[in-house]
$ cat start19.cif   # mmCIF, C-alpha atoms
data_work
loop_
_atom_site.group_PDB
_atom_site.id
_atom_site.type_symbol
_atom_site.label_atom_id
_atom_site.label_comp_id
_atom_site.auth_asym_id
_atom_site.auth_seq_id
_atom_site.Cartn_x
_atom_site.Cartn_y
_atom_site.Cartn_z
ATOM 1 C CA MET W 606 -18.078 18.560 9.676
ATOM 2 C CA SER W 607 -19.327 15.095 8.803
ATOM 3 C CA GLU W 608 -20.119 12.408 11.362
ATOM 4 C CA ARG W 609 -17.113 10.345 10.263
ATOM 5 C CA SER W 610 -14.607 13.140 10.798
ATOM 6 C CA GLY W 611 -16.124 13.864 14.229
ATOM 7 C CA LYS W 612 -15.669 10.231 15.238
ATOM 8 C CA PHE W 613 -12.121 10.272 13.892
ATOM 9 C CA LEU W 614 -11.257 13.401 15.899
ATOM 10 C CA LEU W 615 -12.772 11.993 19.094
ATOM 11 C CA GLY W 616 -10.882 8.733 18.581
ATOM 12 C CA LEU W 617 -7.642 10.615 18.050
ATOM 13 C CA VAL W 618 -8.138 12.659 21.222
ATOM 14 C CA LEU W 619 -8.918 9.505 23.243
ATOM 15 C CA LEU W 620 -5.798 7.796 21.874
ATOM 16 C CA LEU W 621 -3.678 10.804 22.811
ATOM 17 C CA ILE W 622 -5.087 11.010 26.336
ATOM 18 C CA GLY W 623 -4.683 7.260 26.861
ATOM 19 C CA GLY W 624 -1.098 7.349 25.617
ATOM 20 C CA LEU W 625 -0.221 10.272 27.906
ATOM 21 C CA VAL W 626 -1.726 8.501 30.933
ATOM 22 C CA LEU W 627 0.250 5.355 30.074
ATOM 23 C CA LEU W 628 3.477 7.322 29.700
ATOM 24 C CA ASP W 629 2.810 9.017 33.042
ATOM 25 C CA GLN W 630 2.373 5.603 34.690
ATOM 26 C CA LEU W 631 5.725 4.512 33.253
ATOM 27 C CA GLY W 632 7.401 7.598 34.723
ATOM 28 C CA ILE W 633 7.998 9.397 31.427
ATOM 29 C CA ASP W 634 7.245 13.111 31.549
ATOM 30 C CA SER W 635 4.647 13.810 28.880
ATOM 31 C CA GLY W 636 5.381 17.539 28.924
ATOM 32 C CA ASP W 637 8.689 16.998 27.136
ATOM 33 C CA ILE W 638 7.009 14.914 24.468
ATOM 34 C CA LEU W 639 4.227 17.461 23.948
ATOM 35 C CA ARG W 640 6.772 20.294 23.712
ATOM 36 C CA ILE W 641 8.206 18.567 20.653
ATOM 37 C CA LEU W 642 5.106 16.837 19.277
ATOM 38 C CA VAL W 643 2.744 19.830 19.048
ATOM 39 C CA PRO W 644 5.176 22.146 17.186
ATOM 40 C CA GLY W 645 6.183 19.215 14.983
ATOM 41 C CA VAL W 646 2.581 18.578 13.971
ATOM 42 C CA ILE W 647 2.045 22.295 13.308
ATOM 43 C CA MET W 648 5.212 22.423 11.186
ATOM 44 C CA LEU W 649 4.146 19.300 9.291
ATOM 45 C CA TYR W 650 0.744 20.851 8.562
ATOM 46 C CA GLY W 651 2.409 24.049 7.318
ATOM 47 C CA ALA W 652 4.831 22.102 5.130
ATOM 48 C CA ARG W 653 1.942 20.134 3.589
ATOM 49 C CA LYS W 654 0.159 23.414 2.754
ATOM 50 C CA VAL W 655 3.327 24.757 1.098
ATOM 51 C CA MET W 656 4.081 21.617 -0.926
ATOM 52 C CA GLY W 657 0.576 20.379 -1.608
ATOM 53 C CA HIS W 658 -2.536 21.745 -3.191
ATOM 54 C CA GLY W 659 -4.396 22.168 0.089
ATOM 55 C CA GLY W 660 -4.239 25.912 0.478
ATOM 56 C CA SER W 661 -2.223 29.047 0.135
ATOM 57 C CA ARG W 662 1.555 28.846 0.257
ATOM 58 C CA PHE W 663 1.692 32.086 2.240
ATOM 59 C CA TRP W 664 -0.406 30.622 5.053
ATOM 60 C CA GLY W 665 1.598 27.398 4.893
ATOM 61 C CA VAL W 666 4.853 29.292 5.391
ATOM 62 C CA LEU W 667 3.298 31.309 8.216
ATOM 63 C CA ILE W 668 2.030 28.166 9.968
ATOM 64 C CA PHE W 669 5.400 26.452 9.518
ATOM 65 C CA LEU W 670 7.181 29.504 10.953
ATOM 66 C CA PHE W 671 4.766 29.520 13.901
ATOM 67 C CA GLY W 672 5.560 25.851 14.634
ATOM 68 C CA LEU W 673 9.312 26.396 14.239
ATOM 69 C CA LEU W 674 9.350 29.355 16.624
ATOM 70 C CA MET W 675 7.241 27.348 19.056
ATOM 71 C CA LEU W 676 9.714 24.450 18.849
ATOM 72 C CA VAL W 677 12.793 26.572 19.551
ATOM 73 C CA GLY W 678 11.027 28.530 22.303
ATOM 74 C CA LYS W 679 11.070 31.872 20.496
ATOM 75 C CA LEU W 680 7.351 32.260 19.778
ATOM 76 C CA HIS W 681 7.369 35.585 21.592
ATOM 77 C CA LEU W 682 9.487 36.987 18.716
ATOM 78 C CA LEU W 683 6.545 36.563 16.343
ATOM 79 C CA PHE W 684 4.094 38.354 18.600
ATOM 80 C CA HIS W 685 6.548 41.122 19.453
ATOM 81 C CA SER W 686 7.284 41.640 15.751
ATOM 82 C CA ILE W 687 3.577 41.880 14.922
ATOM 83 C CA LEU W 688 3.105 44.356 17.777
ATOM 84 C CA ALA W 689 6.083 46.456 16.632
ATOM 85 C CA ILE W 690 4.857 46.543 13.026
ATOM 86 C CA GLY W 691 1.404 47.603 14.224
ATOM 87 C CA ILE W 692 2.846 50.425 16.337
ATOM 88 C CA ILE W 693 5.028 51.618 13.453
ATOM 89 C CA TYR W 694 2.023 51.660 11.107
ATOM 90 C CA LEU W 695 -0.066 53.571 13.647
ATOM 91 C CA GLY W 696 2.697 56.168 14.042
ATOM 92 C CA TYR W 697 2.993 56.497 10.277
ATOM 93 C CA CYS W 698 -0.762 57.058 9.953
ATOM 94 C CA LEU W 699 -0.615 59.786 12.589
ATOM 95 C CA ILE W 700 2.237 61.780 11.016
ATOM 96 C CA ARG W 701 1.521 61.443 7.283
ATOM 97 C CA PRO W 702 -0.046 64.504 5.731
ATOM 98 C CA LYS W 703 -3.722 64.148 5.044
ATOM 99 C CA PRO W 704 -5.025 65.222 1.629
ATOM 100 C CA ALA W 705 -7.101 68.387 1.624
ATOM 101 C CA PRO W 706 -10.815 67.706 1.497
ATOM 102 C CA LYS W 707 -12.335 68.335 -1.890
ATOM 103 C CA GLU W 708 -14.782 71.188 -1.861
ATOM 104 C CA GLY W 709 -17.796 71.508 -4.120
ATOM 105 C CA PRO W 710 -17.962 74.092 -6.885
ATOM 106 C CA ALA W 711 -18.492 77.732 -5.988
ATOM 107 C CA GLU W 712 -21.991 79.223 -6.118
ATOM 108 C CA TRP W 713 -21.309 81.190 -9.320
ATOM 109 C CA GLU W 714 -20.172 77.963 -11.034
ATOM 110 C CA ARG W 715 -23.370 76.169 -10.020
ATOM 111 C CA GLN W 716 -25.530 79.011 -11.381
ATOM 112 C CA TRP W 717 -23.564 79.107 -14.641
ATOM 113 C CA ALA W 718 -23.924 75.318 -15.075
ATOM 114 C CA GLN W 719 -27.678 75.516 -14.465
ATOM 115 C CA ARG W 720 -28.024 78.244 -17.101
ATOM 116 C CA VAL W 721 -25.981 76.304 -19.632
ATOM 117 C CA LEU W 722 -27.813 73.043 -19.047
ATOM 118 C CA LYS W 723 -31.281 74.601 -18.999
ATOM 119 C CA GLU W 724 -33.384 73.704 -22.028
ATOM 120 C CA ASP W 725 -34.137 76.593 -24.331
ATOM 121 C CA ALA W 726 -36.776 77.169 -27.031
ATOM 122 C CA LEU W 727 -34.683 75.434 -29.712
ATOM 123 C CA ASP W 728 -34.478 72.250 -27.623
ATOM 124 C CA ASN W 729 -38.261 72.263 -27.176
ATOM 125 C CA TRP W 730 -38.772 72.790 -30.951
ATOM 126 C CA GLU W 731 -36.423 69.865 -31.751
ATOM 127 C CA LYS W 732 -38.411 67.557 -29.486
ATOM 128 C CA GLY W 733 -41.651 68.474 -31.265
ATOM 129 C CA VAL W 734 -40.396 67.867 -34.846
ATOM 130 C CA PRO W 735 -41.202 64.386 -36.104
ATOM 131 C CA ARG W 736 -38.177 62.367 -37.193
ATOM 132 C CA ASN W 737 -37.938 60.770 -40.642
ATOM 133 C CA GLN W 738 -37.370 57.079 -40.376
#
$ encode --input "start19.cif" --output "structure tokens"
Amino acid sequence: MSERSGKFLLGLVLLLIGGLVLLDQLGIDSGDILRILVPGVIMLYGARKVMGHGGSRFWGVLIFLFGLLMLVGKLHLLFHSILAIGIIYLGYCLIRPKPAPKEGPAEWERQWAQRVLKEDALDNWEKGVPRNQ
């Protein structure tokens, strides 16, 4: 993060805190404003990711959905759905048949392969013959 963006973020946080203190002094409950403002900003960020070039559309839709569920007070639906999908996948992994482990070749096959692949006298003779180029 560059120095400029750090200053910008600190300035934004100070503006937000100052505005909330001022609203509190005027008798306006800042909790109601934050309950709408935070999900709105999250939804706006998600919509910009979907429409713009700043990232994956999948993550933009997911972030927008997160903000929308937060705004309507149904954020628990997202977490419960993720938990349910995880439990279903775990149950599926436990009951699906596992493939039989692959065994190596039998001893007689290994011995046969060693005999076949072993160099014989003809192979040695071929290595010793000079090649015409």
$ atom_distance --input "start19.cif" --atom1 "atom CA of W:Val666" --atom2 "atom CA of W:Gly651"
6.1 Å
$ resolve_selection --input "start19.cif" --expression "the PyMOL selection byres ((chain W and resi 669-674) around 9)" --output "list in words"
Val643, Pro644, Gly645, Val646, Ile647, Met648, Leu649, Tyr650, Gly651, Ala652, Val655, Trp664, Gly665, Val666, Leu667, Ile668, Met675, Leu676, Val677, Gly678, Lys679, Leu680, His681, Leu682 and Leu683 of chain W
$ atom_distance --input "start19.cif" --atom1 "atom CA of W:Leu620" --atom2 "atom CA of W:Leu642"
14.4 Å
$ atom_distance --input "start19.cif" --atom1 "atom CA of W:Val618" --atom2 "atom CA of W:Ile638"
15.7 Å
